[in-house]
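K.L.:
Contents of target-v4.cif (mmCIF, N, CA and C atoms) are below:
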data_final
loop_
_atom_site.label_atom_id
_atom_site.label_comp_id
_atom_site.auth_asym_id
_atom_site.auth_seq_id
_atom_site.Cartn_x
_atom_site.Cartn_y
_atom_site.Cartn_z
N MET A 157 -12.55 -4.23 5.70
CA MET A 157 -12.84 -5.65 5.82
C MET A 157 -11.98 -6.25 6.94
N ALA A 158 -12.52 -7.30 7.52
CA ALA A 158 -11.82 -8.04 8.56
C ALA A 158 -11.94 -9.53 8.25
N THR A 159 -11.10 -10.30 8.88
CA THR A 159 -11.14 -11.75 8.73
C THR A 159 -11.62 -12.35 10.04
N VAL A 160 -12.60 -13.25 9.94
CA VAL A 160 -13.04 -14.02 11.10
C VAL A 160 -12.67 -15.47 10.83
N ARG A 161 -11.82 -15.99 11.68
CA ARG A 161 -11.35 -17.37 11.55
C ARG A 161 -12.07 -18.22 12.59
N PHE A 162 -12.75 -19.24 12.11
CA PHE A 162 -13.44 -20.19 12.98
C PHE A 162 -12.56 -21.42 13.11
N ARG A 163 -12.02 -21.61 14.28
CA ARG A 163 -11.04 -22.67 14.51
C ARG A 163 -11.58 -24.02 14.07
N GLY A 164 -10.79 -24.68 13.22
CA GLY A 164 -11.14 -26.01 12.73
C GLY A 164 -12.11 -26.02 11.57
N LEU A 165 -12.61 -24.83 11.15
CA LEU A 165 -13.61 -24.77 10.09
C LEU A 165 -13.17 -23.96 8.89
N GLY A 166 -12.50 -22.85 9.11
CA GLY A 166 -12.08 -21.98 8.02
C GLY A 166 -12.24 -20.53 8.41
N GLU A 167 -12.15 -19.66 7.43
CA GLU A 167 -12.27 -18.24 7.70
C GLU A 167 -13.11 -17.55 6.64
N VAL A 168 -13.55 -16.34 6.99
CA VAL A 168 -14.42 -15.58 6.10
C VAL A 168 -14.06 -14.10 6.23
N GLN A 169 -14.10 -13.39 5.12
CA GLN A 169 -13.91 -11.94 5.11
C GLN A 169 -15.26 -11.29 5.33
N VAL A 170 -15.29 -10.29 6.22
CA VAL A 170 -16.56 -9.62 6.53
C VAL A 170 -16.36 -8.11 6.60
N PRO A 171 -17.39 -7.35 6.25
CA PRO A 171 -17.30 -5.89 6.42
C PRO A 171 -17.45 -5.55 7.91
N LEU A 172 -16.91 -4.41 8.29
CA LEU A 172 -17.05 -3.95 9.66
C LEU A 172 -18.53 -3.83 10.00
N GLY A 173 -18.88 -4.15 11.24
CA GLY A 173 -20.27 -4.13 11.68
C GLY A 173 -20.95 -5.49 11.63
N THR A 174 -20.26 -6.48 11.08
CA THR A 174 -20.80 -7.84 10.98
C THR A 174 -20.64 -8.55 12.31
N SER A 175 -21.69 -9.22 12.75
CA SER A 175 -21.59 -10.01 13.99
C SER A 175 -20.88 -11.33 13.69
N LEU A 176 -20.36 -11.94 14.74
CA LEU A 176 -19.73 -13.25 14.57
C LEU A 176 -20.73 -14.28 14.08
N LEU A 177 -21.98 -14.18 14.53
CA LEU A 177 -23.02 -15.10 14.07
C LEU A 177 -23.30 -14.89 12.58
N GLN A 178 -23.36 -13.64 12.14
CA GLN A 178 -23.56 -13.37 10.71
C GLN A 178 -22.40 -13.92 9.90
N ALA A 179 -21.19 -13.75 10.41
CA ALA A 179 -20.01 -14.26 9.71
C ALA A 179 -20.09 -15.78 9.56
N ALA A 180 -20.46 -16.48 10.64
CA ALA A 180 -20.58 -17.93 10.59
C ALA A 180 -21.68 -18.35 9.62
N THR A 181 -22.80 -17.67 9.67
CA THR A 181 -23.92 -17.99 8.79
C THR A 181 -23.53 -17.78 7.33
N ASN A 182 -22.87 -16.66 7.04
CA ASN A 182 -22.45 -16.36 5.67
C ASN A 182 -21.50 -17.42 5.12
N ALA A 183 -20.66 -17.97 6.00
CA ALA A 183 -19.68 -18.98 5.58
C ALA A 183 -20.22 -20.40 5.69
N HIS A 184 -21.47 -20.55 6.13
CA HIS A 184 -22.09 -21.86 6.33
C HIS A 184 -21.35 -22.68 7.38
N PHE A 185 -20.91 -21.99 8.44
CA PHE A 185 -20.27 -22.65 9.57
C PHE A 185 -21.31 -22.88 10.65
N PRO A 186 -21.16 -23.95 11.44
CA PRO A 186 -22.19 -24.41 12.36
C PRO A 186 -22.24 -23.70 13.71
N GLU A 187 -22.77 -22.50 13.73
CA GLU A 187 -22.96 -21.80 15.00
C GLU A 187 -24.46 -21.77 15.30
N GLY A 188 -24.83 -22.19 16.48
CA GLY A 188 -26.24 -22.23 16.87
C GLY A 188 -26.87 -20.85 16.92
N SER A 189 -28.18 -20.81 16.71
CA SER A 189 -28.91 -19.54 16.78
C SER A 189 -30.39 -19.81 17.00
N ALA A 190 -30.70 -20.50 18.08
CA ALA A 190 -32.08 -20.90 18.35
C ALA A 190 -33.04 -19.72 18.42
N CYS A 191 -32.59 -18.57 18.91
CA CYS A 191 -33.48 -17.40 19.03
C CYS A 191 -33.45 -16.52 17.80
N GLY A 192 -32.67 -16.90 16.80
CA GLY A 192 -32.58 -16.09 15.59
C GLY A 192 -31.62 -14.93 15.71
N GLY A 193 -30.79 -14.94 16.74
CA GLY A 193 -29.78 -13.89 16.89
C GLY A 193 -30.28 -12.61 17.53
N VAL A 194 -31.23 -12.73 18.46
CA VAL A 194 -31.78 -11.54 19.12
C VAL A 194 -31.40 -11.46 20.60
N CYS A 195 -30.35 -12.16 21.00
CA CYS A 195 -29.84 -12.12 22.38
C CYS A 195 -30.87 -12.61 23.39
N ALA A 196 -31.56 -13.70 23.04
CA ALA A 196 -32.56 -14.28 23.94
C ALA A 196 -32.18 -15.68 24.40
N CYS A 197 -31.05 -16.21 23.92
CA CYS A 197 -30.58 -17.53 24.34
C CYS A 197 -29.05 -17.49 24.31
N SER A 198 -28.43 -18.60 24.59
CA SER A 198 -26.96 -18.61 24.57
C SER A 198 -26.41 -19.60 23.55
N THR A 199 -27.22 -19.96 22.56
CA THR A 199 -26.78 -21.00 21.63
C THR A 199 -25.72 -20.54 20.63
N CYS A 200 -25.42 -19.26 20.58
CA CYS A 200 -24.37 -18.76 19.69
C CYS A 200 -23.08 -18.47 20.46
N HIS A 201 -22.93 -19.09 21.61
CA HIS A 201 -21.78 -18.90 22.51
C HIS A 201 -20.49 -19.35 21.83
N VAL A 202 -19.51 -18.44 21.82
CA VAL A 202 -18.18 -18.73 21.26
C VAL A 202 -17.11 -18.27 22.24
N TYR A 203 -15.90 -18.78 22.04
CA TYR A 203 -14.72 -18.31 22.76
C TYR A 203 -13.88 -17.51 21.78
N VAL A 204 -13.52 -16.30 22.15
CA VAL A 204 -12.66 -15.47 21.30
C VAL A 204 -11.21 -15.78 21.66
N ILE A 205 -10.50 -16.37 20.72
CA ILE A 205 -9.13 -16.81 20.93
C ILE A 205 -8.15 -15.68 20.64
N LYS A 206 -8.47 -14.87 19.64
CA LYS A 206 -7.58 -13.80 19.19
C LYS A 206 -8.44 -12.67 18.64
N GLY A 207 -8.01 -11.44 18.88
CA GLY A 207 -8.68 -10.29 18.27
C GLY A 207 -9.87 -9.75 19.03
N ALA A 208 -9.97 -10.01 20.32
CA ALA A 208 -11.10 -9.51 21.11
C ALA A 208 -11.20 -8.00 21.05
N GLU A 209 -10.07 -7.34 20.92
CA GLU A 209 -10.05 -5.88 20.86
C GLU A 209 -10.66 -5.33 19.57
N LEU A 210 -10.88 -6.19 18.59
CA LEU A 210 -11.49 -5.80 17.32
C LEU A 210 -13.01 -5.90 17.35
N LEU A 211 -13.54 -6.37 18.49
CA LEU A 211 -14.98 -6.58 18.63
C LEU A 211 -15.63 -5.48 19.46
N SER A 212 -16.92 -5.32 19.26
CA SER A 212 -17.70 -4.39 20.06
C SER A 212 -17.62 -4.78 21.53
N GLU A 213 -17.84 -3.81 22.39
CA GLU A 213 -17.84 -4.06 23.84
C GLU A 213 -19.04 -4.93 24.21
N GLN A 214 -18.85 -5.75 25.22
CA GLN A 214 -19.95 -6.56 25.73
C GLN A 214 -20.89 -5.66 26.54
N GLU A 215 -22.17 -5.75 26.24
CA GLU A 215 -23.16 -4.95 26.97
C GLU A 215 -23.83 -5.80 28.04
N ASP A 216 -24.58 -5.16 28.91
CA ASP A 216 -25.21 -5.85 30.04
C ASP A 216 -26.14 -6.98 29.60
N GLY A 217 -26.90 -6.76 28.55
CA GLY A 217 -27.83 -7.79 28.08
C GLY A 217 -27.10 -9.06 27.65
N GLU A 218 -25.98 -8.90 26.98
CA GLU A 218 -25.18 -10.05 26.57
C GLU A 218 -24.63 -10.77 27.81
N ALA A 219 -24.12 -10.02 28.76
CA ALA A 219 -23.59 -10.62 29.99
C ALA A 219 -24.68 -11.40 30.73
N ASP A 220 -25.88 -10.85 30.76
CA ASP A 220 -27.00 -11.53 31.43
C ASP A 220 -27.31 -12.87 30.77
N ILE A 221 -27.33 -12.90 29.43
CA ILE A 221 -27.63 -14.14 28.71
C ILE A 221 -26.47 -15.13 28.84
N LEU A 222 -25.23 -14.64 28.84
CA LEU A 222 -24.08 -15.53 29.01
C LEU A 222 -24.12 -16.25 30.36
N ASP A 223 -24.77 -15.64 31.34
CA ASP A 223 -24.91 -16.30 32.64
C ASP A 223 -25.67 -17.62 32.53
N LYS A 224 -26.44 -17.80 31.45
CA LYS A 224 -27.22 -19.01 31.24
C LYS A 224 -26.46 -20.06 30.43
N ALA A 225 -25.32 -19.69 29.89
CA ALA A 225 -24.53 -20.59 29.03
C ALA A 225 -23.72 -21.57 29.87
N PHE A 226 -23.23 -22.62 29.22
CA PHE A 226 -22.38 -23.61 29.86
C PHE A 226 -20.92 -23.25 29.64
N ASP A 227 -20.08 -23.54 30.61
CA ASP A 227 -18.63 -23.37 30.53
C ASP A 227 -18.24 -21.96 30.06
N VAL A 228 -18.80 -20.96 30.72
CA VAL A 228 -18.48 -19.57 30.40
C VAL A 228 -17.06 -19.27 30.88
N ARG A 229 -16.31 -18.60 30.03
CA ARG A 229 -14.93 -18.24 30.32
C ARG A 229 -14.75 -16.73 30.13
N ALA A 230 -13.58 -16.23 30.50
CA ALA A 230 -13.29 -14.81 30.33
C ALA A 230 -13.37 -14.39 28.87
N THR A 231 -13.16 -15.34 27.95
CA THR A 231 -13.16 -15.04 26.51
C THR A 231 -14.51 -15.31 25.85
N SER A 232 -15.53 -15.64 26.64
CA SER A 232 -16.85 -15.97 26.09
C SER A 232 -17.54 -14.73 25.53
N ARG A 233 -18.19 -14.93 24.40
CA ARG A 233 -19.04 -13.90 23.80
C ARG A 233 -20.23 -14.60 23.15
N LEU A 234 -21.30 -13.85 22.94
CA LEU A 234 -22.42 -14.33 22.14
C LEU A 234 -22.18 -13.86 20.72
N GLY A 235 -22.20 -14.80 19.79
CA GLY A 235 -21.93 -14.46 18.39
C GLY A 235 -22.90 -13.45 17.82
N CYS A 236 -24.13 -13.43 18.32
CA CYS A 236 -25.12 -12.49 17.80
C CYS A 236 -24.86 -11.07 18.26
N GLN A 237 -24.11 -10.89 19.33
CA GLN A 237 -23.88 -9.56 19.89
C GLN A 237 -22.48 -9.01 19.61
N ALA A 238 -21.51 -9.88 19.45
CA ALA A 238 -20.13 -9.46 19.20
C ALA A 238 -19.97 -9.08 17.73
N LYS A 239 -19.80 -7.78 17.50
CA LYS A 239 -19.65 -7.28 16.12
C LYS A 239 -18.21 -6.87 15.87
N VAL A 240 -17.73 -7.13 14.67
CA VAL A 240 -16.39 -6.73 14.27
C VAL A 240 -16.42 -5.22 14.01
N VAL A 241 -15.60 -4.48 14.76
CA VAL A 241 -15.62 -3.02 14.64
C VAL A 241 -14.29 -2.44 14.15
N ALA A 242 -13.28 -3.30 13.95
CA ALA A 242 -11.99 -2.83 13.44
C ALA A 242 -11.39 -3.90 12.54
N GLU A 243 -10.55 -3.46 11.62
CA GLU A 243 -9.92 -4.40 10.69
C GLU A 243 -8.87 -5.23 11.39
N GLY A 244 -8.70 -6.46 10.92
CA GLY A 244 -7.74 -7.39 11.47
C GLY A 244 -8.29 -8.79 11.45
N VAL A 245 -7.73 -9.66 12.27
CA VAL A 245 -8.13 -11.06 12.33
C VAL A 245 -8.73 -11.37 13.70
N VAL A 246 -9.93 -11.90 13.69
CA VAL A 246 -10.58 -12.38 14.90
C VAL A 246 -10.65 -13.89 14.77
N GLU A 247 -10.17 -14.58 15.79
CA GLU A 247 -10.22 -16.04 15.77
C GLU A 247 -11.13 -16.51 16.90
N VAL A 248 -12.07 -17.38 16.56
CA VAL A 248 -13.01 -17.88 17.56
C VAL A 248 -13.10 -19.40 17.50
N ASP A 249 -13.53 -19.95 18.62
CA ASP A 249 -13.82 -21.38 18.71
C ASP A 249 -15.30 -21.48 19.07
N ILE A 250 -16.07 -22.13 18.24
CA ILE A 250 -17.49 -22.32 18.52
C ILE A 250 -17.60 -23.37 19.63
N THR A 251 -18.35 -23.05 20.68
CA THR A 251 -18.44 -23.96 21.82
C THR A 251 -19.21 -25.24 21.48
N SER A 252 -18.98 -26.25 22.27
CA SER A 252 -19.72 -27.51 22.10
C SER A 252 -21.21 -27.26 22.24
N GLU A 253 -21.58 -26.39 23.17
CA GLU A 253 -22.99 -26.03 23.37
C GLU A 253 -23.61 -25.49 22.08
N SER A 254 -22.87 -24.62 21.41
CA SER A 254 -23.36 -24.01 20.18
C SER A 254 -23.44 -25.03 19.04
N LEU A 255 -22.43 -25.88 18.95
CA LEU A 255 -22.44 -26.92 17.91
C LEU A 255 -23.62 -27.87 18.10
N GLU A 256 -23.89 -28.24 19.34
CA GLU A 256 -25.03 -29.12 19.61
C GLU A 256 -26.35 -28.43 19.25
N ALA A 257 -26.45 -27.14 19.57
CA ALA A 257 -27.66 -26.39 19.23
C ALA A 257 -27.82 -26.33 17.71
N TYR A 258 -26.73 -26.11 16.99
CA TYR A 258 -26.78 -26.06 15.53
C TYR A 258 -27.28 -27.40 14.98
N GLU A 259 -26.74 -28.49 15.49
CA GLU A 259 -27.17 -29.81 15.01
C GLU A 259 -28.63 -30.08 15.34
N ASN A 260 -29.10 -29.59 16.47
CA ASN A 260 -30.52 -29.74 16.81
C ASN A 260 -31.40 -28.92 15.87
N GLU A 261 -30.89 -27.77 15.43
CA GLU A 261 -31.62 -26.92 14.50
C GLU A 261 -31.57 -27.46 13.07
N HIS A 262 -30.57 -28.31 12.78
CA HIS A 262 -30.36 -28.87 11.44
C HIS A 262 -30.22 -30.39 11.57
N PRO A 263 -31.35 -31.10 11.73
CA PRO A 263 -31.31 -32.56 11.99
C PRO A 263 -30.50 -33.36 10.98
N ALA A 264 -30.44 -32.93 9.74
CA ALA A 264 -29.68 -33.68 8.74
C ALA A 264 -28.18 -33.66 9.02
N GLU A 265 -27.74 -32.76 9.89
CA GLU A 265 -26.31 -32.63 10.19
C GLU A 265 -25.95 -33.15 11.59
N ARG A 266 -26.88 -33.83 12.24
CA ARG A 266 -26.61 -34.34 13.60
C ARG A 266 -25.40 -35.25 13.61
N GLY A 267 -24.51 -34.99 14.55
CA GLY A 267 -23.29 -35.78 14.71
C GLY A 267 -22.14 -35.34 13.83
N LYS A 268 -22.41 -34.48 12.87
CA LYS A 268 -21.36 -34.04 11.93
C LYS A 268 -20.28 -33.23 12.63
N TYR A 269 -20.66 -32.40 13.59
CA TYR A 269 -19.71 -31.52 14.26
C TYR A 269 -19.41 -31.92 15.69
N THR A 270 -20.29 -32.67 16.33
CA THR A 270 -20.10 -33.01 17.73
C THR A 270 -19.58 -34.41 17.95
N SER A 271 -19.71 -35.29 17.00
CA SER A 271 -19.26 -36.66 17.16
C SER A 271 -17.72 -36.69 17.26
N GLY A 272 -17.22 -37.07 18.42
CA GLY A 272 -15.77 -37.19 18.61
C GLY A 272 -15.06 -35.87 18.80
N ARG A 273 -15.80 -34.77 18.96
CA ARG A 273 -15.15 -33.46 19.13
C ARG A 273 -14.61 -33.35 20.54
N ARG A 274 -13.47 -32.73 20.64
CA ARG A 274 -12.89 -32.45 21.94
C ARG A 274 -13.72 -31.38 22.64
N THR A 275 -13.62 -31.31 23.94
CA THR A 275 -14.30 -30.27 24.69
C THR A 275 -13.47 -29.00 24.59
N ALA A 276 -14.07 -27.95 24.08
CA ALA A 276 -13.31 -26.70 23.86
C ALA A 276 -13.23 -25.88 25.11
#
Mind converting the file's structure to structure tokens?
P.N.:
Amino acid sequence: MATVRFRGLGEVQVPLGTSLLQAATNAHFPEGSACGGVCACSTCHVYVIKGAELLSEQEDGEADILDKAFDVRATSRLGCQAKVVAEGVVEVDITSESLEAYENEHPAERGKYTSGRRTA
């Protein structure tokens, strides 16, 4: 088991092989997934703050989709593609882009996560 900590939201224990998007979904944390987690959009974009070495390697398809994301950084990953492959703690920050996508996918929660949020 590993721990995935979502900055400002909480943490969840996950078995190895779990993607960051699956971890967020299991914990009911607001990570976007407009394409359903099939690496066809960038709405699950996160920044890995700690524990990047515990995640699967980034593949070409993920890098190609990240090129379409906003404010891509060296620590950027797609939650649907980044899988926990070793035990330990992974800490991530869900991007503003992803939070906005989540709120668009869940109209009843609009403004809950993006209203007054700092730019990550």
K.L.:
Carefully work through the PyMOL selection byres ((chain A and resi 204-217) around 6.5) for this structure and note down the residues it includes, as number ranges by chain.
P.N.:
A: 202-203, 218-222, 231-233, 238-243, 245-249
K.L.:
If you run DSSP over the backbone, which residues in chain A end up strand (DSSP E)? Put them as a list of chain:residue names.
P.N.:
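Here are the strand (DSSP E) residues of chain A: A:Ala158, A:Thr159, A:Val160, A:Arg161, A:Phe162, A:Gly166, A:Glu167, A:Val168, A:Gln169, A:Val170, A:His201, A:Val202, A:Tyr203, A:Val204, A:Ile205, A:Lys206, A:Ser232, A:Arg233, A:Leu234, A:Val245, A:Val246, A:Glu247, A:Val248, A:Asp249, A:Ile250.
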K.L.:
With only C-alpha atoms as the basis for distance, which of A:Ala190, A:Ala179, A:Val228, A:Val168 is at the shortest distance from Glu256 (chain A)?
P.N.:
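For Glu256 (chain A), the nearest of the candidates is A:Ala190.
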K.L.:
Please measure the separation of atom N of Ala257 (chain A) and atom C of Gly173 (chain A), giving the value in Å to one decimal.
P.N.:
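It comes out at 23.7 Å.
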K.L.:
To one decimal place, how far is CA of Arg266 (chain A) from CA of Gln237 (chain A) in Å?
P.N.:
25.7 Å
K.L.:
Among chain A, which ones does DSSP place in helix (DSSP H, G or I), written as a PyMOL selection string?
P.N.:
chain A and resi 176-182+208-210+216-222+252-261+263-265
K.L.:
What is the distance between atom C of Glu253 (chain A) and atom C of Thr199 (chain A), in Å to one decimal?
P.N.:
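So the two atoms, atom C of Glu253 (chain A) and atom C of Thr199 (chain A), lie 5.6 Å apart.
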K.L.:
Looking at A:Cys236, A:Ser271, A:Ala225, A:His262, which one is nearest to Thr174 (chain A), with distances taken over only C-alpha atoms?
P.N.:
A:Cys236
K.L.:
Please evaluate the PyMOL selection byres (((chain A and resi 178 and name CA) around 12) and name CA) against the structure above and give the resulting residues as a JSON list (two decimals) with N, CA and C atoms, keeping the file's coordinate frame.
P.N.:
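Result file follows (selection_28.json):
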[["chain", "number", "residue", "atom", "x", "y", "z"],
["A", 160, "VAL", "N", -12.60, -13.25, 9.94],
["A", 160, "VAL", "CA", -13.04, -14.02, 11.10],
["A", 160, "VAL", "C", -12.67, -15.47, 10.83],
["A", 168, "VAL", "N", -13.55, -16.34, 6.99],
["A", 168, "VAL", "CA", -14.42, -15.58, 6.10],
["A", 168, "VAL", "C", -14.06, -14.10, 6.23],
["A", 169, "GLN", "N", -14.10, -13.39, 5.12],
["A", 169, "GLN", "CA", -13.91, -11.94, 5.11],
["A", 169, "GLN", "C", -15.26, -11.29, 5.33],
["A", 170, "VAL", "N", -15.29, -10.29, 6.22],
["A", 170, "VAL", "CA", -16.56, -9.62, 6.53],
["A", 170, "VAL", "C", -16.36, -8.11, 6.60],
["A", 171, "PRO", "N", -17.39, -7.35, 6.25],
["A", 171, "PRO", "CA", -17.30, -5.89, 6.42],
["A", 171, "PRO", "C", -17.45, -5.55, 7.91],
["A", 172, "LEU", "N", -16.91, -4.41, 8.29],
["A", 172, "LEU", "CA", -17.05, -3.95, 9.66],
["A", 172, "LEU", "C", -18.53, -3.83, 10.00],
["A", 173, "GLY", "N", -18.88, -4.15, 11.24],
["A", 173, "GLY", "CA", -20.27, -4.13, 11.68],
["A", 173, "GLY", "C", -20.95, -5.49, 11.63],
["A", 174, "THR", "N", -20.26, -6.48, 11.08],
["A", 174, "THR", "CA", -20.80, -7.84, 10.98],
["A", 174, "THR", "C", -20.64, -8.55, 12.31],
["A", 175, "SER", "N", -21.69, -9.22, 12.75],
["A", 175, "SER", "CA", -21.59, -10.01, 13.99],
["A", 175, "SER", "C", -20.88, -11.33, 13.69],
["A", 176, "LEU", "N", -20.36, -11.94, 14.74],
["A", 176, "LEU", "CA", -19.73, -13.25, 14.57],
["A", 176, "LEU", "C", -20.73, -14.28, 14.08],
["A", 177, "LEU", "N", -21.98, -14.18, 14.53],
["A", 177, "LEU", "CA", -23.02, -15.10, 14.07],
["A", 177, "LEU", "C", -23.30, -14.89, 12.58],
["A", 179, "ALA", "N", -21.19, -13.75, 10.41],
["A", 179, "ALA", "CA", -20.01, -14.26, 9.71],
["A", 179, "ALA", "C", -20.09, -15.78, 9.56],
["A", 180, "ALA", "N", -20.46, -16.48, 10.64],
["A", 180, "ALA", "CA", -20.58, -17.93, 10.59],
["A", 180, "ALA", "C", -21.68, -18.35, 9.62],
["A", 181, "THR", "N", -22.80, -17.67, 9.67],
["A", 181, "THR", "CA", -23.92, -17.99, 8.79],
["A", 181, "THR", "C", -23.53, -17.78, 7.33],
["A", 182, "ASN", "N", -22.87, -16.66, 7.04],
["A", 182, "ASN", "CA", -22.45, -16.36, 5.67],
["A", 182, "ASN", "C", -21.50, -17.42, 5.12],
["A", 183, "ALA", "N", -20.66, -17.97, 6.00],
["A", 183, "ALA", "CA", -19.68, -18.98, 5.58],
["A", 183, "ALA", "C", -20.22, -20.40, 5.69],
["A", 184, "HIS", "N", -21.47, -20.55, 6.13],
["A", 184, "HIS", "CA", -22.09, -21.86, 6.33],
["A", 184, "HIS", "C", -21.35, -22.68, 7.38],
["A", 185, "PHE", "N", -20.91, -21.99, 8.44],
["A", 185, "PHE", "CA", -20.27, -22.65, 9.57],
["A", 185, "PHE", "C", -21.31, -22.88, 10.65],
["A", 186, "PRO", "N", -21.16, -23.95, 11.44],
["A", 186, "PRO", "CA", -22.19, -24.41, 12.36],
["A", 186, "PRO", "C", -22.24, -23.70, 13.71],
["A", 187, "GLU", "N", -22.77, -22.50, 13.73],
["A", 187, "GLU", "CA", -22.96, -21.80, 15.00],
["A", 187, "GLU", "C", -24.46, -21.77, 15.30],
["A", 188, "GLY", "N", -24.83, -22.19, 16.48],
["A", 188, "GLY", "CA", -26.24, -22.23, 16.87],
["A", 188, "GLY", "C", -26.87, -20.85, 16.92],
["A", 189, "SER", "N", -28.18, -20.81, 16.71],
["A", 189, "SER", "CA", -28.91, -19.54, 16.78],
["A", 189, "SER", "C", -30.39, -19.81, 17.00],
["A", 192, "GLY", "N", -32.67, -16.90, 16.80],
["A", 192, "GLY", "CA", -32.58, -16.09, 15.59],
["A", 192, "GLY", "C", -31.62, -14.93, 15.71],
["A", 193, "GLY", "N", -30.79, -14.94, 16.74],
["A", 193, "GLY", "CA", -29.78, -13.89, 16.89],
["A", 193, "GLY", "C", -30.28, -12.61, 17.53],
["A", 194, "VAL", "N", -31.23, -12.73, 18.46],
["A", 194, "VAL", "CA", -31.78, -11.54, 19.12],
["A", 194, "VAL", "C", -31.40, -11.46, 20.60],
["A", 200, "CYS", "N", -25.42, -19.26, 20.58],
["A", 200, "CYS", "CA", -24.37, -18.76, 19.69],
["A", 200, "CYS", "C", -23.08, -18.47, 20.46],
["A", 234, "LEU", "N", -21.30, -13.85, 22.94],
["A", 234, "LEU", "CA", -22.42, -14.33, 22.14],
["A", 234, "LEU", "C", -22.18, -13.86, 20.72],
["A", 235, "GLY", "N", -22.20, -14.80, 19.79],
["A", 235, "GLY", "CA", -21.93, -14.46, 18.39],
["A", 235, "GLY", "C", -22.90, -13.45, 17.82],
["A", 236, "CYS", "N", -24.13, -13.43, 18.32],
["A", 236, "CYS", "CA", -25.12, -12.49, 17.80],
["A", 236, "CYS", "C", -24.86, -11.07, 18.26],
["A", 237, "GLN", "N", -24.11, -10.89, 19.33],
["A", 237, "GLN", "CA", -23.88, -9.56, 19.89],
["A", 237, "GLN", "C", -22.48, -9.01, 19.61],
["A", 238, "ALA", "N", -21.51, -9.88, 19.45],
["A", 238, "ALA", "CA", -20.13, -9.46, 19.20],
["A", 238, "ALA", "C", -19.97, -9.08, 17.73],
["A", 239, "LYS", "N", -19.80, -7.78, 17.50],
["A", 239, "LYS", "CA", -19.65, -7.28, 16.12],
["A", 239, "LYS", "C", -18.21, -6.87, 15.87],
["A", 240, "VAL", "N", -17.73, -7.13, 14.67],
["A", 240, "VAL", "CA", -16.39, -6.73, 14.27],
["A", 240, "VAL", "C", -16.42, -5.22, 14.01]]
K.L.:
Rank A:Met157, A:Pro263, A:Ser254, A:Phe162 by their smallest atom-to-atom distance to Ser198 (chain A), using all atoms listed in the file, and report the top residue only.
P.N.:
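Checking each of A:Met157, A:Pro263, A:Ser254, A:Phe162 against Ser198 (chain A), counting all atoms listed in the file, the winner is A:Ser254.
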